[in-house]
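Contents: one structure, followed by commentary.
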Amino acid sequence: MAQPLIPGRQAPVNLADFDPRYVAGSWNKLTAQERIAENTAISGELAYRLYAENRRSVLLVLQGMDTSGKDGTIRAATTGINPLDFSIAAFKQPSVEELDHDFLWRIHKATPSRGRIGIFNRSHYEDVLVVRVHKLVPRSVWRARYEAINGFERHLTANGTTVLKCFLHISKDEQRQRLEARLADPTKRWKFSKADVEERKLWDDYQQAYEDALTRCNTEYAPWHVVPADRKWYRNLVVSNLLRETLEKMDPKFPPEEEGLDKIVVA
């Protein structure tokens with residue numbers, strides 16, 4: 001459904017091989033909405049158990065070009081989940097303090113604690129994407145970061161965090177339509193920036209940077225999923241399915257109750 005990459009396989013990824021409008025099976029907008037509601041209800045219950053268990057965590061990483069729908073995906077995937085059970089971190093331009101540390105410093109601080117689901121709206125991958133495209137550091141620096149990222153994700157996994165990574169794959173034409181829609185809607189103009197037009201000119205450079213990140217950081221313990229994102233409803237369906245499946249596989253359990261509770265009388 002999500003056109004997943006083969007975990008651990010580091011064969012070169014060519015995004016042209018992945019259709020941003022792909023739909024598996026006979027799903028449509030209505031049936032997708034019904035399934036998403038089912039998914040979030042089940043994920044909400046499993047998230048509650050994960051919180052009660054307090055031993056493991058989940059990190060959902062969302063990456064994608066501008067307008068690929070990271071915010072919308074988060075809304076769809078978390079509706080129905082108790083806000084106490086998850087956290088969201090959005091990574092924008094680093095602060096002065098963050099720049100005074102290694103590139104993973106601000107990321108590690110935002111990882112989910114035991115019992116919680118953490119969601120990254122953009123992530124540590126920005127340091128091999130925008131940093132690379134805009135030549136903010138030398139090539140030798142950003143190239144070394146792939147292995148640092150793999151080591152970081154391996155460390156998280158070894159310490160009980162399941163890493164779920166989704167690349168929201170949108171076409172250039174669909175991005176143009178969504179940017180035009182923002183300009184045409186007074187209630188959405190606040191989302192538009194002149195910089196969006198400049199970034200769009202670098203589309204091919206970003207595609208190459210994403211292909212290299214997907215290739216070099218697709219591991220057994222933290223594989224990538226390429227999510228077709230031209231259809232918003234299908235994008236939301238895929239990610240909500242993945243989150244549900246991840247939690248079901250983890251199968252969190254309630255901790256044992258204290259002994260003697262059956263004899264307790266609340267006066």
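Letters A, B, ... go to the chains of the structure tokens in the order shown; residues in each chain start at 1; ligands are counted from 1 in the same order.
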- Pull the helix (DSSP H, G or I) assignments for range 28-239 of chain A out of DSSP run on the backbone, and list those residues as a VMD selection string. chain A and resid 29 to 53 70 to 78 83 to 85 96 to 99 105 to 109 124 to 128 130 to 133 139 to 158 172 to 184 189 to 191 194 to 200 203 to 216 232 to 239
- Message: Which residues are near Phe192 in chain A? Cut-off 10 Å, only C-alpha atoms, ignore same chain within fewer than 2 positions. Put them as a ChimeraX atom specification.
- Response: /A:67,179-183,188-190,194-197
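When only C-alpha atoms are used to measure the gap to Ile81 in chain A, the shortest distance among A:Arg244, A:Val137, A:Gly151, A:Leu214 belongs to A:Arg244.
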- Within 12 Å of Asn14 in chain A, counting only C-alpha atoms, which residues qualify if same-chain residues fewer than 5 places away don't, as a ChimeraX atom specification? /A:5,19,169,207-215,226
- Message: Quick one: residues within 9 Å of Gly69 in chain A, only C-alpha atoms, excluding same-chain residues fewer than 2 positions away - as a count of residues only?
- Response: 14
- Query: Which residues in range 69-266 of chain A does DSSP call strand (DSSP E)? List them as a VMD selection string.
  - Reply: chain A and resid 86 to 90 117 to 121 161 to 169 224 to 228
- Query: Neighbours of Leu30 in chain A within 12 Å (only C-alpha atoms; same-chain residues fewer than 6 positions away dropped), as a VMD selection string?
  - Reply: chain A and resid 36 to 37 233 to 234 237
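The spacing separating CA of Thr161 in chain A from CA of Gly118 in chain A amounts to 9.6 Å.
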- Message: Let me make sure I understand: among A:Lys135, A:Leu129, A:Ala90, A:Leu242, which one has the smallest atom-to-atom distance to Trp224 in chain A if we use only C-alpha atoms?
- Response: A:Leu242
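You will find CA of His134 in chain A at 19.0 Å from CA of Leu104 in chain A.
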Residues within 12 Å of Leu136 in chain A, only C-alpha atoms, excluding chain neighbours under 5 positions, as a short mmCIF file (atom, residue, chain, number, x, y, z; two decimals) with C-alpha atoms, in the first residue's frame:
```
data_model
loop_
_atom_site.label_atom_id
_atom_site.label_comp_id
_atom_site.auth_asym_id
_atom_site.auth_seq_id
_atom_site.Cartn_x
_atom_site.Cartn_y
_atom_site.Cartn_z
CA GLN A 93 15.77 26.65 11.04
CA LEU A 99 23.93 25.50 15.91
CA GLU A 126 16.82 18.13 7.06
CA ASP A 127 20.57 18.07 7.67
CA VAL A 128 21.11 15.98 4.53
CA LEU A 129 18.34 17.74 2.57
CA VAL A 130 18.01 21.52 2.87
CA VAL A 131 21.54 21.77 4.27
CA VAL A 141 30.23 17.16 6.27
CA TRP A 142 26.75 16.28 5.02
#
```
- Item | Closest of A:Glu38, A:Thr31, A:Arg116, A:Ala16 to Pro252 in chain A - atom-to-atom distances counting only C-alpha atoms |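 The shortest atom-to-atom distance to Pro252 in chain A comes from A:Arg116.
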- Item | Selection: 8 Å around Ala52 in chain A, only C-alpha atoms, excl. self and same-chain fewer than 5 positions, as a PyMOL selection string | chain A and resi 115+253-255
Could you write out the selected residues, including C-alpha atoms, as a PDB file, in the first residue's frame?
```pdb
ATOM      1  CA  GLY A 115       5.216   4.994  26.799  1.00  0.00           C
ATOM      2  CA  LYS A 253       0.261  -4.755  27.601  1.00  0.00           C
ATOM      3  CA  PHE A 254      -1.187  -3.218  30.728  1.00  0.00           C
ATOM      4  CA  PRO A 255       1.196  -3.636  33.666  1.00  0.00           C
TER       5      PRO A 255
END
```
- Check the smallest atom-to-atom distance from each of A:Ala41, A:Lys172, A:Ile264, A:Thr157 to Leu202 in chain A using only C-alpha atoms, then report the winner.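 For Leu202 in chain A, the nearest of the candidates is A:Lys172.
Nearest residue to Leu62 in chain A among A:Val96, A:Ile119, A:Val163, A:Ala158 is A:Ile119, counting only C-alpha atoms.
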- Quote the spacing between CA of Glu45 in chain A and CA of Met250 in chain A in Å to one decimal place.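 Value for the CA of Glu45 in chain A-CA of Met250 in chain A distance: 12.9 Å.
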